[in-house]
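Trainee: Handing you this structure, nothing more for now.
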Amino acid sequence: MDTWGLLAQGLIAALQVHNLIYALIGVTLGTAVGVLPGIGPALTVALLLPVTYKLDPAGSLIMFAGIYYGGMYGGSTTSILLNTPGESASIVTALEGNKMARKGRGGPALATAAIGSFVAGLIATLGLAFVAPTVVKFALSFGPADYFALMVLAFITVSAAFGDSALRGLTALFIGLGLGLIGIDLQTGQTRLAFGVMDLLDGIEVTTMAVALFAIGETLKTASDRDQVNAEVIAVKGSVWMTIEDWKRSWAAWLRGTFIGFPIGAMPAGGADVASFLSYSAEKSFTKKPEEFGNGAIEGVAGPEAANNASAAGTLVPLLTLGLPTTATAAIMLAGFQQFGLQPGPLLFTNNASLVWALIASLLVANFMLLVLNLPLIGLWVKLLTIPKPWLYAGILTFATLGTLGANGAMSMGVGPVRISFELVLLLAFGVLGYLLRRFGYPIAPVVVGLILGPMAEQQLRRALAISQGDLNILVSSPIAIALYVVAFIALALPLYLRLRGKGAMLGQLATDED
Amino acid sequence: MNKLLLAALVTGALSTPVFAADYTIMAPAAPGGGWDQTARTMQEALQGEGISGNVQVTNVPGAGGTIGLAQFATQENANPDALIVGGYVMVGAILTNMSPVTLDNVTPIARLTGEAVGIVVPAASDIQTIDDLVAKLKEDTGAVAWAGGSAGGVDHITAGLIAKAIGVDPTQVNYIAYSGGGEALAAILGGQVTVGISGISEFASQIQAGELRLLAVSTDTRVDGFDAPTLQEAGVDVAVQNWRMVAAAPGITDEQKAAITADVKAMAESATWQTALETKGWVDTYLDGEAFDAQLDADITATESILKDIGLVQ
Amino acid sequence: MTPGSSSRERRPDGAALVIAVILAGLAAIIFWQTSQMRVPPIQARVGPTVFPYVIATGLALLAVGTAISALRNGFPARSKDDYGPIAWIIGGLVAQILLLSTAGFSIATGVLFAFTAKAFGRGPLWQTIPIGVVFCFVVWFLFAKGLQLSLPAGPLERLLTTGSF
């Protein structure tokens, strides 16, 4: 069957009443949590994962798709009205969007972000539907050595290529890799670095780690930072609607953002933040009114928001077809699949075809729902921004611990007569780690990516060498692997060259504080 | 929208009737997996048939079920309401993880379901029958790369037993572990490995599509719907099945054990359970009492010896 | 990051040196633990110890790099952090961990809720703890009863759902 046919079938599944309800709950929760200041998509998805535990796989993944897209939408609202972007991909949106809001043009800024996200989401989701089957065909011929090369590339792009310090990026990555060693080795059943603790035998749970680093770490950092105590919410004044002039200036920016964002997300190279920065630069050079940039240029909201969303859809290409998460959000999505015993990868498309296509179709549905929900309900979301910080962060910690307890919160340890949950102890420990990483300017995403990709890379390498019976040549014996190593080398060498040429500032801007 | 959601959740919550707690079933695995589904299907059947008023399922995932098992054995001592779901995978995991708690620390009640392990090759492979595979193994054991589930699991054990049965060195078996048969599938279909070995349901759709050739099944009887001999018919003296069971707490009285066994038997014979087996494609291999104890002992002994032969347990 | 006042000074960054020591310590722990492993004979090729050694070596090199960067003041300037609120939040998490099994989800998490609010300047505790407990009970009810999530129940939950402790 061709892609249109499969997509149509998926749409039929996605449009069933119960699936529509799941999608609606997903986008609503996703937007509501995503709007909360300080909460980016990665945390939104991690916090809401427990809500989906008891649903059937299809319903759960559909709700998840809604949460993912909803979280992306919600984030832009925060950036525009509060100037505290919940994630680095929204930093650029805050740059121009917040300026627009201060000038009383918050309505059009929110509208161009919402419509731009919709346009980008629509095109990029269709892109996903058409690119994915091709990648799948290609990926079936991937051997363990090729996967290993792919992961080496992902490690380099996530940690060293972008961000203001390769040293700190690599350190974050290696902390993640080191934590990934903990637990039973799949190939031999041997226990590594578990220190006799039963709960460590299965390794460190990605969701626990992500919730700790993002939720607890962020809460500690915000609480400790006196300067960050009171950011001001800007009321939406004047017309919410975009003028004809706004439309004229926005539409091309949306499309450019989409075509910048989707390929960047789809390649195992950097996340939405890179895409949004590139789109911002592009808009700055295309605009007829350069003087408005920095003072609230609508293109500077429209382009990056579109790029941001297109890249989020693009990230699903390597995730679904190769099982390769390239952002922290994608890593948590992977955990969401694995809770149902579903292993994303080329075979997902043959073994669970109806589920995959229903998921892709629900992304389209969620996208429409968000447009319909967001424009009229913007006032409601803005109210969420005014939740006082004490209650907001108290609530975040309540849900962070709830999710961890619900997933694996068994009271497995004893301190004297008191039974305690080891998983919560880990949550606390990693929360402190998250705070320290933020405090000393380390990026967070490489830790999560290292934790999840490290064990995968190790297994693939050892499988490759077991198949070749120890012959190291297998690692460079396929053209795919060689090509991937070449790209990895460029990703490592190019930023180094740029830094040496004094262009490091631009790369520094791409610093990944969060996903 | 939030109000709607809230209303839906509250209605859902209120429609759960409040009974006095009866059985609590621990699934020593994450929600969604095989053991979790077994526990939840038991919950459904026990409640639906009125055998037990209110059944709770708890999940304690990790390390082939040994984390849950350890917690169950220490915390539920002599509690006649506590049950745990487990299976053959646990037997291997207890040995490889050197778990301080074994199945001797609980009271096994009954085997519920079972599944055959299938041995497959890609359609393009020059291996046509199990005899061809045996010949290749005898020629160069290490050159045959097996792909299956995690190390020390039932797939690995079966591969080791085959090597032992045909007289080649089990330590030379080139076994490549994947986190499950599904993940191994890509490597098998792509021809990266020589042969695949895992639960037959993992391979079913590819076998039916003709992309994989089923050489043999591991059980002592053929499996309905698959045209392949058993290993014993093919001249390899190995019979293994990947079973799932239910056990009760340690330290319960014989009367309590008899009462639980009666409840589980009633559940296993119920229409709800039988329908669930059919929809989930599980095979009913119910066995209780002394016959089950004997079977369990035999499996543990065989597993321990083969894991030592493979070199995973010293 | 807001620029701190000490960013111009050319003296070694003490905290960054501590980070370097911690990284070196992690490397040492991985080396030591891995050397204690017994490797099964079949995994003579690339066994379960190779990756730990590679990662430990990487961490050791990064520790050296961090130390050099600390001596050269290569770290971004840091704002002065306030440790009082951090202590409240960590205290809340510890209290929750210790209370959960006996007091149940609502009371334990209610305490965490109130301590976190306190960290952000909302008090007093005798007011915020009851608010937290009520909020957490509602959350517990929705997730434990509505979504069947297994969350620890204590006297409060049992009293309110079954009418007895």
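Starting from 1 in every chain, residues are counted up; chains themselves are A, B, ... following the order of the structure tokens, and ligands are numbered from 1 as listed.
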Mind dumping a table of every chain C residue within 7 Å of chain A, with the nearest atom pair and its distance in Å to one decimal, using only C-alpha atoms, sorted by chain and rising number, as a tab-separated table?
Mentor:
residue	atom	partner	partner_atom	distance
C:Gln33	CA	A:Leu193	CA	6.3
C:Arg45	CA	A:Gly470	CA	5.8
C:Val46	CA	A:Arg462	CA	6.0
C:Pro48	CA	A:Asp185	CA	6.7
C:Phe51	CA	A:Glu458	CA	6.8
C:Pro52	CA	A:Leu181	CA	6.8
C:Ile55	CA	A:Gly178	CA	6.4
C:Leu59	CA	A:Phe174	CA	6.4
C:Leu62	CA	A:Thr171	CA	6.3
C:Pro76	CA	A:Gly441	CA	6.6
C:Arg78	CA	A:Arg439	CA	7.0
C:Asp81	CA	A:Ser224	CA	5.2
C:Asp82	CA	A:Ser224	CA	4.5
C:Tyr83	CA	A:Ser224	CA	6.1
C:Pro85	CA	A:Ala223	CA	5.8
C:Ile86	CA	A:Leu220	CA	5.7
C:Leu93	CA	A:Leu428	CA	6.9
C:Ile97	CA	A:Ile420	CA	6.0
C:Leu98	CA	A:Ile420	CA	6.1
C:Ser101	CA	A:Arg419	CA	5.9
C:Thr109	CA	A:Thr398	CA	6.3
C:Phe113	CA	A:Ala394	CA	4.6
C:Thr116	CA	A:Ala394	CA	5.1
C:Ala117	CA	A:Pro390	CA	4.2
C:Ala119	CA	A:Ala223	CA	6.5
C:Phe120	CA	A:Pro390	CA	4.9
C:Gly121	CA	A:Pro390	CA	6.9
C:Arg122	CA	A:Pro390	CA	6.1
C:Leu147	CA	A:Lys54	CA	6.5
C:Leu149	CA	A:Gly406	CA	5.6
C:Ser150	CA	A:Gly406	CA	5.6
C:Leu151	CA	A:Gly406	CA	6.0
Trainee: Counting only C-alpha atoms, which residues of region 316-413 of chain A sit at most 12 Å from some atom of region 241-260 of chain A, and what is each one's closest atom pair with its distance in Å to one decimal, listed by chain and rising residue number, as CSV?
Mentor:
residue,atom,partner,partner_atom,distance
A:Leu375,CA,A:Trp241,CA,9.3
A:Pro376,CA,A:Trp241,CA,10.8
A:Ile378,CA,A:Trp241,CA,11.9
Trainee: Next, dump the selected residues to file, keeping only all heavy atoms, as a compact mmCIF listing (two decimals), in the first residue's frame.
Mentor:
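Once everything was written out, this is out.txt:
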# COMPACT_ATOMS: atom_id res chain seq x y z
N LEU A 375 -6.24 29.29 19.73
CA LEU A 375 -6.56 30.67 19.42
C LEU A 375 -7.68 31.20 20.32
O LEU A 375 -7.52 32.23 20.96
CB LEU A 375 -6.87 30.83 17.93
CG LEU A 375 -5.62 30.69 17.07
CD1 LEU A 375 -5.94 30.85 15.60
CD2 LEU A 375 -4.56 31.72 17.47
N PRO A 376 -8.82 30.46 20.43
CA PRO A 376 -9.88 31.01 21.29
C PRO A 376 -9.57 30.92 22.78
O PRO A 376 -10.05 31.74 23.55
CB PRO A 376 -11.10 30.16 20.93
CG PRO A 376 -10.67 29.10 20.00
CD PRO A 376 -9.23 29.23 19.75
N ILE A 378 -6.80 31.23 24.39
CA ILE A 378 -5.52 31.76 24.81
C ILE A 378 -5.61 32.42 26.19
O ILE A 378 -4.71 32.30 27.01
CB ILE A 378 -4.94 32.73 23.74
CG1 ILE A 378 -3.48 33.03 24.04
CG2 ILE A 378 -5.74 34.00 23.61
CD1 ILE A 378 -2.60 31.86 23.81
Trainee: Report, in Å to a single decimal, how far apart CA of Leu49 (chain A) and CA of Leu377 (chain A) are.
Mentor: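 Between CA of Leu377 (chain A) and CA of Leu49 (chain A) the gap is 24.6 Å.
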Trainee: I'd like the neighbourhood of region 130-134 of chain C as number ranges by chain, where a residue qualifies if any of its atoms comes within 6 Å (using only C-alpha atoms), though same-chain residues fewer than 4 positions away should be ignored.
Mentor: C: 106-107, 110, 113-114
Trainee: Hey, what's within 12 Å of Glu269 (chain B) if we count only C-alpha atoms and toss same-chain stuff fewer than 4 positions away? As a ChimeraX atom specification, please?
Mentor: /B:42,45-46,49,51,112,262-265,273-277,284-287
Trainee: Any chance you could export the current selection's all heavy atoms as a compact mmCIF listing (two decimals), in the first residue's frame?
Mentor:
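Saved to out39.txt:
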# COMPACT_ATOMS: atom_id res chain seq x y z
N MET B 42 -5.42 -12.35 35.22
CA MET B 42 -5.84 -13.07 36.42
C MET B 42 -6.79 -12.21 37.24
O MET B 42 -7.81 -12.68 37.74
CB MET B 42 -4.63 -13.44 37.28
CG MET B 42 -3.82 -14.60 36.76
SD MET B 42 -2.42 -14.95 37.86
CE MET B 42 -3.29 -15.60 39.30
N ALA B 45 -10.12 -12.19 35.63
CA ALA B 45 -10.83 -13.46 35.74
C ALA B 45 -11.26 -13.72 37.19
O ALA B 45 -12.38 -14.15 37.44
CB ALA B 45 -9.95 -14.59 35.22
N LEU B 46 -10.38 -13.46 38.14
CA LEU B 46 -10.71 -13.71 39.55
C LEU B 46 -11.88 -12.84 39.99
O LEU B 46 -12.78 -13.30 40.69
CB LEU B 46 -9.50 -13.45 40.45
CG LEU B 46 -8.37 -14.49 40.44
CD1 LEU B 46 -7.14 -13.96 41.13
CD2 LEU B 46 -8.83 -15.78 41.09
N GLU B 49 -15.26 -13.72 37.78
CA GLU B 49 -15.91 -14.98 38.10
C GLU B 49 -16.35 -15.03 39.56
O GLU B 49 -16.81 -16.05 40.06
CB GLU B 49 -14.96 -16.15 37.82
CG GLU B 49 -14.49 -16.23 36.38
CD GLU B 49 -15.59 -16.71 35.43
OE1 GLU B 49 -16.46 -17.46 35.87
OE2 GLU B 49 -15.55 -16.30 34.25
N ILE B 51 -14.51 -15.16 42.15
CA ILE B 51 -13.66 -15.99 43.01
C ILE B 51 -13.06 -15.14 44.12
O ILE B 51 -12.88 -15.58 45.25
CB ILE B 51 -12.55 -16.67 42.18
CG1 ILE B 51 -13.18 -17.52 41.08
CG2 ILE B 51 -11.64 -17.50 43.07
CD1 ILE B 51 -12.23 -17.97 40.01
N LEU B 112 0.62 -21.76 34.44
CA LEU B 112 -0.60 -21.29 33.79
C LEU B 112 -0.54 -21.43 32.27
O LEU B 112 -1.41 -22.02 31.66
CB LEU B 112 -0.85 -19.83 34.15
CG LEU B 112 -1.12 -19.54 35.63
CD1 LEU B 112 -1.19 -18.04 35.87
CD2 LEU B 112 -2.42 -20.21 36.07
N ALA B 262 -7.02 -24.14 44.78
CA ALA B 262 -8.40 -24.31 44.32
C ALA B 262 -8.89 -23.05 43.60
O ALA B 262 -9.52 -23.13 42.54
CB ALA B 262 -9.31 -24.63 45.50
N ASP B 263 -8.57 -21.88 44.17
CA ASP B 263 -8.98 -20.62 43.54
C ASP B 263 -8.33 -20.44 42.17
O ASP B 263 -8.98 -20.04 41.20
CB ASP B 263 -8.59 -19.42 44.43
CG ASP B 263 -9.59 -19.21 45.56
OD1 ASP B 263 -10.65 -19.87 45.54
OD2 ASP B 263 -9.30 -18.39 46.45
N VAL B 264 -7.02 -20.74 42.11
CA VAL B 264 -6.30 -20.56 40.84
C VAL B 264 -6.83 -21.54 39.80
O VAL B 264 -7.01 -21.18 38.63
CB VAL B 264 -4.78 -20.73 41.05
CG1 VAL B 264 -4.05 -20.78 39.72
CG2 VAL B 264 -4.24 -19.60 41.91
N LYS B 265 -7.12 -22.77 40.23
CA LYS B 265 -7.65 -23.77 39.31
C LYS B 265 -9.00 -23.32 38.77
O LYS B 265 -9.26 -23.38 37.57
CB LYS B 265 -7.77 -25.11 40.04
CG LYS B 265 -8.00 -26.30 39.11
CD LYS B 265 -7.99 -27.59 39.92
CE LYS B 265 -8.48 -28.78 39.13
NZ LYS B 265 -7.54 -29.35 38.21
N TRP B 273 -10.99 -16.53 31.68
CA TRP B 273 -9.58 -16.85 31.47
C TRP B 273 -9.38 -17.50 30.11
O TRP B 273 -8.48 -17.12 29.35
CB TRP B 273 -9.10 -17.78 32.60
CG TRP B 273 -7.67 -18.23 32.47
CD1 TRP B 273 -7.24 -19.44 32.04
CD2 TRP B 273 -6.50 -17.46 32.78
NE1 TRP B 273 -5.87 -19.49 32.06
CE2 TRP B 273 -5.39 -18.28 32.51
CE3 TRP B 273 -6.28 -16.17 33.25
CZ2 TRP B 273 -4.08 -17.85 32.69
CZ3 TRP B 273 -4.98 -15.75 33.43
CH2 TRP B 273 -3.89 -16.57 33.15
N GLN B 274 -10.24 -18.45 29.77
CA GLN B 274 -10.08 -19.17 28.50
C GLN B 274 -10.24 -18.22 27.31
O GLN B 274 -9.50 -18.31 26.35
CB GLN B 274 -11.09 -20.33 28.42
CG GLN B 274 -10.80 -21.46 29.40
CD GLN B 274 -9.48 -22.18 29.14
OE1 GLN B 274 -9.00 -22.19 28.01
NE2 GLN B 274 -8.88 -22.75 30.17
N THR B 275 -11.20 -17.29 27.41
CA THR B 275 -11.39 -16.33 26.33
C THR B 275 -10.16 -15.45 26.20
O THR B 275 -9.69 -15.16 25.10
CB THR B 275 -12.62 -15.43 26.61
OG1 THR B 275 -13.64 -16.24 27.16
CG2 THR B 275 -13.11 -14.75 25.36
N ALA B 276 -9.63 -15.03 27.36
CA ALA B 276 -8.46 -14.17 27.35
C ALA B 276 -7.27 -14.88 26.71
O ALA B 276 -6.52 -14.29 25.93
CB ALA B 276 -8.12 -13.73 28.77
N LEU B 277 -7.10 -16.18 27.02
CA LEU B 277 -6.00 -16.95 26.42
C LEU B 277 -6.11 -16.91 24.90
O LEU B 277 -5.12 -16.70 24.21
CB LEU B 277 -6.06 -18.41 26.88
CG LEU B 277 -5.72 -18.71 28.34
CD1 LEU B 277 -5.70 -20.22 28.56
CD2 LEU B 277 -4.36 -18.13 28.71
N ASP B 284 -2.67 -22.77 26.91
CA ASP B 284 -2.99 -23.24 28.25
C ASP B 284 -2.15 -24.47 28.58
O ASP B 284 -2.29 -25.51 27.94
CB ASP B 284 -4.48 -23.59 28.28
CG ASP B 284 -4.96 -23.90 29.69
OD1 ASP B 284 -4.12 -23.86 30.63
OD2 ASP B 284 -6.16 -24.18 29.86
N THR B 285 -1.23 -24.36 29.53
CA THR B 285 -0.45 -25.53 29.94
C THR B 285 -0.60 -25.68 31.44
O THR B 285 0.37 -25.90 32.16
CB THR B 285 1.03 -25.40 29.56
OG1 THR B 285 1.56 -24.24 30.23
CG2 THR B 285 1.24 -25.25 28.08
N TYR B 286 -1.84 -25.57 31.92
CA TYR B 286 -2.09 -25.59 33.36
C TYR B 286 -1.58 -26.87 34.01
O TYR B 286 -1.79 -27.98 33.50
CB TYR B 286 -3.59 -25.44 33.63
CG TYR B 286 -3.89 -25.33 35.11
CD1 TYR B 286 -3.76 -24.11 35.75
CD2 TYR B 286 -4.24 -26.45 35.86
CE1 TYR B 286 -3.99 -24.00 37.12
CE2 TYR B 286 -4.47 -26.34 37.22
CZ TYR B 286 -4.35 -25.11 37.85
OH TYR B 286 -4.56 -25.01 39.20
N LEU B 287 -0.87 -26.72 35.11
CA LEU B 287 -0.32 -27.86 35.84
C LEU B 287 -0.16 -27.43 37.28
O LEU B 287 0.38 -26.36 37.56
CB LEU B 287 1.06 -28.22 35.24
CG LEU B 287 1.72 -29.51 35.69
CD1 LEU B 287 0.96 -30.72 35.16
CD2 LEU B 287 3.16 -29.57 35.19
Trainee: Closest to chain A among B:Ser150, B:Asn77, B:Thr301, B:Gln295, using only C-alpha atoms?
Mentor: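 Counting only C-alpha atoms, the residue closest to chain A is B:Ser150.
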